[in-house]
Amino acid sequence: MNVLSQILVAFIAILHLYILWLEMFAWTTRGPKVFRTVPKELFPKTKSMAANQGLYNGFLAAGLLWSLCITDMSWSKNVAIFFCACVLVAGLYGAYSVSKRIFFVQGIPAILALLSLLFL
């Protein structure tokens, strides 16, 4: 895996670790500041749902970080491609079902990482 791909994969992993923290541990405190379109009274009611979503984001981050630890370059690249594709699908679905902003936050970095993985 080339250096640019590693940087992009690491960035996406860190982003998803932030989302994990936000949704699992800071949903009722920081969440209302990040998700301003959601009514504040919904945050306590949706805390367990958000924590579940955060856990899934953690799995994505774990897979991306795992890809950076694999010493076989072919396997490292393939695992990174799989998890970046998962992030892209999640970003596309989030843009379709929740907010277009999700595509720019998650989808665009995933596309850039996939392009660097596939073509560099």
# chains A, B, ... in the order shown; residues from 1 in each chain; ligands from 1
$ select_by_dssp --residues "chain A" --states "alpha helix (DSSP H)" --output "PyMOL selection string"
chain A and resi 3-25+31-34+42-45+47-69+73-97+100-102+108-119
$ residues_around --residues "Phe43 in chain A" --least-positions-apart "5" --cutoff "12 Å" --atoms "only C-alpha atoms" --output "PyMOL selection string"
chain A and resi 22-24+26-38+48-51
$ residues_around --residues "range 91-102 of chain A" --least-positions-apart "3" --cutoff "12 Å" --atoms "only C-alpha atoms" --output "list in words"
Ile12, His16, Ile19, Val34, Phe35, Arg36, Thr37, Val38, Gln53, Asn57, Cys84, Ala85, Cys86, Val87, Leu88, Val105, Gln106, Gly107, Ile108, Pro109, Ala110 and Ile111 of chain A
$ closest_residue --among "A:Met73, A:Ala13, A:Leu42, A:Val79" --to "Leu60 in chain A" --atoms "only C-alpha atoms"
A:Ala13
$ closest_residue --among "A:Ser116, A:Thr71, A:Thr46, A:Asn52" --to "Val9 in chain A" --atoms "only C-alpha atoms"
A:Ser116
